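A.B. asks: Attaching a single structure in structure tokens format; questions to follow.
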Amino acid sequence: MAEDQFDKTEPATPKRIQDARSKGQVMKSREVNTAFVLITILIYLYFNISSIGNIITSEIVYFLSNSFYISLNYAGMLQILYRLIYIVIFAVLPFILIVFFASIVSNLSQVGLLFTLEPLIPDFTRIDPMSGLKRFFSYQSVNELFKSVFKFFVLAVVAYFTCIPYIKKIFALQYAAPSYDLLFTVELLYKLFFNIIFVMIILSIIDFFIQRHQYNKGLMMSKQEVKDEAKQYEGNQQIKGKIRKMQREIARRKILKEVKNAHVVITNPTHFAVAVKYDNKKYNAPVVVAKGADNLAFLIKKIASENDIPTVENKYIARMLYDMCEPGQLIPESLYKAVAEILAHLYLTNKKFKEIWGLI
């Protein structure tokens with residue numbers, strides 16, 4: 001296993017990354033999510049803390065002022081319940097929704113839109129106690145434990161140095177007015193929260209690069225794996241190429257077969273060729289039976305020549321028919337007059353065409 005790990009010296013190919021992504025193996029830093037959610041909470045509270053405080057304060061005042069008038073019966077309990085629902089909807093629920101959407105945005109910004117059921121498929125190897133023990137003492141588990149302890153230590157140090165300058169003031173709060181106590185507490189909590197978020201941003205940036213390095217390292221491939229994937233890819237491409245070639249050949253044969261049933265081929269004169277047929281018993285207008293460009297146009301003209309089908313050079317009409325019609329479609333109404341003039345001219349000047357069209 002060690003030798004296999006050392007053999008993985010090549011960066012992951014796009015296919016390897018896509019396969020890992022389809023299995024739910026993506027690069028994601030939990031610290032980035034935490035920092036983003038905390039920033040969102042700070043911004044939300046900065047602009048809405050006063051309104052949230054007013055809602056909660058007004059409800060507390062209401063309950064304290066009317067505690068003697070609220071009966072502990074069914075109607076009184078309903079009134080209390082409605083007040084609590086009001087607090088939840090207008091004070092707590094927006095906060096919860098903000099945190100929820102911030103978490104979604106943070107994950108989408110790192111992972112992108114991904115839907116896969118692969119992680120939900122039961123893996124019975126995880127039931128094995130030995131495998132679970134190995135995972136518990138694996139490098140990743142130890143690394144996560146170290147990061148958690150380190151993060152807790154750093155945040156504890158930040159909290160300590162943030163609160164130290166306020167220790168004397170905290171002990172003096174017992175002599176201060178209640179309004180000052182509240183302002184002092186809000187100020188301390190805001191500063192503590194701000195410092196913690198600032199440190200979390202730094203930790204999240206460091207963790208992001210660590211996670212990206214570990215993710216790329218985990219997907220690294222050996223030279224043999226790269227060669228095998230290349231062979232597989234080339235084999236698939238060859239099969240797809242053969243299928244496309246067969247499809248083009250079948251389509252080309254069908255087109256060339258239809259040319260023999262055409263009444264006229266309109267060309268431009270080297271790039272485009274459109275074979276047109278007019279059966280007034282079946283169709284109300286001429287129909288395009290085949291079309292082609294470049295080499296296919298040359299073959300259409302060749303088959304027309306071999307089968308004595310008239311060829312008319314008209315650059316504008318040929319290009320318009322090629323762009324506007326597919327084989328089997330009637331020509332557009334805007335080209336009725338131009339194509340009719342070509343057919344009428346051939347009827348008057350081409351004996352072979354007159355004989356073929358006279359049989360219709």
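In the structure tokens, chains take letters A, B, ... by order of appearance, with residues numbered from 1 within each chain and ligands from 1 in the order shown.
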Would you pick out the contacts of stretch 159-171 of chain A at 9 Å or less, using only C-alpha atoms, so that residues sharing its chain but fewer than 6 positions from it are not included, and give the list as number ranges by chain?

C.D. replies: A: 181, 184-185, 188, 191-193, 195-196

A.B. asks: Give the answer as one residue: which of A:Arg319, A:Val265, A:Tyr215, A:Asn314 has the shortest atom-to-atom distance to A:Gln25, using only C-alpha atoms?

C.D. replies: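 Using only C-alpha atoms, A:Gln25 sits closest to A:Tyr215.
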
A.B. asks: Please measure the separation of atom CA of A:Ser29 and atom CA of A:Lys217, giving the value in Å to one decimal.

C.D. replies: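 Distance reported for this atom pair: 15.4 Å.
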
A.B. asks: Skipping near chain neighbours, those fewer than 2 positions away, what residues fall within 12 Å of A:Gln214 using only C-alpha atoms, listed as a list in words?

C.D. replies: Val26, Met27, Lys28, Ser29, Tyr139, Gln140, Asn143, Asp207, Phe208, Phe209, Ile210, Gln211, Arg212, Asn216, Lys217, Gly218, Leu219 and Met220 of chain A

A.B. asks: Report the residues of stretch 77-286 of chain A whose backbone DSSP state falls under strand (DSSP E), written as a count of residues only.

C.D. replies: 11

A.B. asks: Give the answer as one residue: which of A:Asn295, A:Gln329, A:Thr40, A:Thr267 has the shortest atom-to-atom distance to A:Glu313, using only C-alpha atoms?

C.D. replies: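 Of A:Asn295, A:Gln329, A:Thr40, A:Thr267, the one nearest A:Glu313 is A:Thr267, counting only C-alpha atoms.
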
A.B. asks: Mind the document's chain letters and residue numbers, and return as a ChimeraX atom specification the residues of stretch 91-318 of chain A that DSSP labels alpha helix (DSSP H).

C.D. replies: /A:93-111,129-136,139-163,167-172,178-218,223-259,295-306,315-318

A.B. asks: How far is it from atom CA of A:Val287 to atom CA of A:Ile331, in Å with one decimal?

C.D. replies: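 Going from atom CA of A:Val287 over to atom CA of A:Ile331 covers 5.7 Å.
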
A.B. asks: May I have the residues within 7 Å of A:Ala304 as a list in words, using only C-alpha atoms and disregarding those fewer than 5 positions away in the same chain?

C.D. replies: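 Listed by chain and then number, they are Val259, Lys260, Ile309 and Pro310 of chain A.
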
A.B. asks: Name the closest residue to A:Thr270 among the candidates A:Ala318, A:Leu173, A:Val288, A:Leu256; distances are taken between atoms, counting only C-alpha atoms.

C.D. replies: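 The shortest atom-to-atom distance to A:Thr270 comes from A:Ala318.
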
A.B. asks: Calculated over only C-alpha atoms, which of the candidates A:Phe63, A:Val142, A:Ile39, A:Phe68 has the smallest distance to A:Ile80?

C.D. replies: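 Closest to A:Ile80, using only C-alpha atoms: A:Phe63.
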
A.B. asks: Could you pull the residues within 12 Å of stretch 8-12 of chain A, counting only C-alpha atoms, minus those fewer than 5 positions along the same chain, as a list of chain:residue names?

C.D. replies: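 Once the nearby chain positions are removed, what remains is A:Met1, A:Ala2, A:Glu3, A:Ile17, A:Gln18, A:Asp19, A:Ala20, A:His213, A:Tyr215, A:Asn216, A:Lys217, A:Gly218, A:Leu219, A:Met220, A:Met221, A:Ser222, A:Lys223, A:Gln224, A:Glu225, A:Val226, A:Lys227, A:Glu229.
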
A.B. asks: Export C-alpha atoms of the chosen residues as a PDB file, in the first residue's frame?

C.D. replies:
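What landed in result04.pdb:
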ATOM      1  CA  MET A   1       0.000   0.000   0.000  1.00  0.00           C
ATOM      2  CA  ALA A   2       2.835   2.370   0.792  1.00  0.00           C
ATOM      3  CA  GLU A   3       4.419   1.682  -2.545  1.00  0.00           C
ATOM      4  CA  ILE A  17     -12.164  14.492 -10.802  1.00  0.00           C
ATOM      5  CA  GLN A  18     -15.571  14.133 -12.459  1.00  0.00           C
ATOM      6  CA  ASP A  19     -15.876  10.494 -11.337  1.00  0.00           C
ATOM      7  CA  ALA A  20     -15.005  11.481  -7.763  1.00  0.00           C
ATOM      8  CA  HIS A 213      -4.159  20.236  -1.101  1.00  0.00           C
ATOM      9  CA  TYR A 215      -8.236  16.655  -1.910  1.00  0.00           C
ATOM     10  CA  ASN A 216      -5.880  16.949  -4.876  1.00  0.00           C
ATOM     11  CA  LYS A 217      -3.390  14.655  -3.154  1.00  0.00           C
ATOM     12  CA  GLY A 218      -6.106  12.057  -2.528  1.00  0.00           C
ATOM     13  CA  LEU A 219      -7.065  12.023  -6.217  1.00  0.00           C
ATOM     14  CA  MET A 220      -3.514  11.757  -7.537  1.00  0.00           C
ATOM     15  CA  MET A 221      -2.898   8.903  -9.958  1.00  0.00           C
ATOM     16  CA  SER A 222      -0.052   6.641 -10.848  1.00  0.00           C
ATOM     17  CA  LYS A 223       1.419   6.792 -14.340  1.00  0.00           C
ATOM     18  CA  GLN A 224      -0.144   3.409 -15.072  1.00  0.00           C
ATOM     19  CA  GLU A 225      -3.597   4.670 -14.105  1.00  0.00           C
ATOM     20  CA  VAL A 226      -3.171   7.661 -16.411  1.00  0.00           C
ATOM     21  CA  LYS A 227      -2.157   5.360 -19.268  1.00  0.00           C
ATOM     22  CA  GLU A 229      -7.525   5.892 -18.558  1.00  0.00           C
TER      23      GLU A 229
END

A.B. asks: Closest to A:Ile89 among A:Ile52, A:Ala290, A:Ile317, A:Leu38, using only C-alpha atoms?

C.D. replies: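 Looking only at the distances to A:Ile89, the closest residue turns out to be A:Ile52.
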
A.B. asks: When distances are computed from only C-alpha atoms, which of A:Tyr180, A:Leu97, A:Leu335, A:Ala293 shows the smallest separation from A:Ile41?

C.D. replies: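 Once distances to A:Ile41 are computed over only C-alpha atoms, the minimum belongs to A:Leu97.
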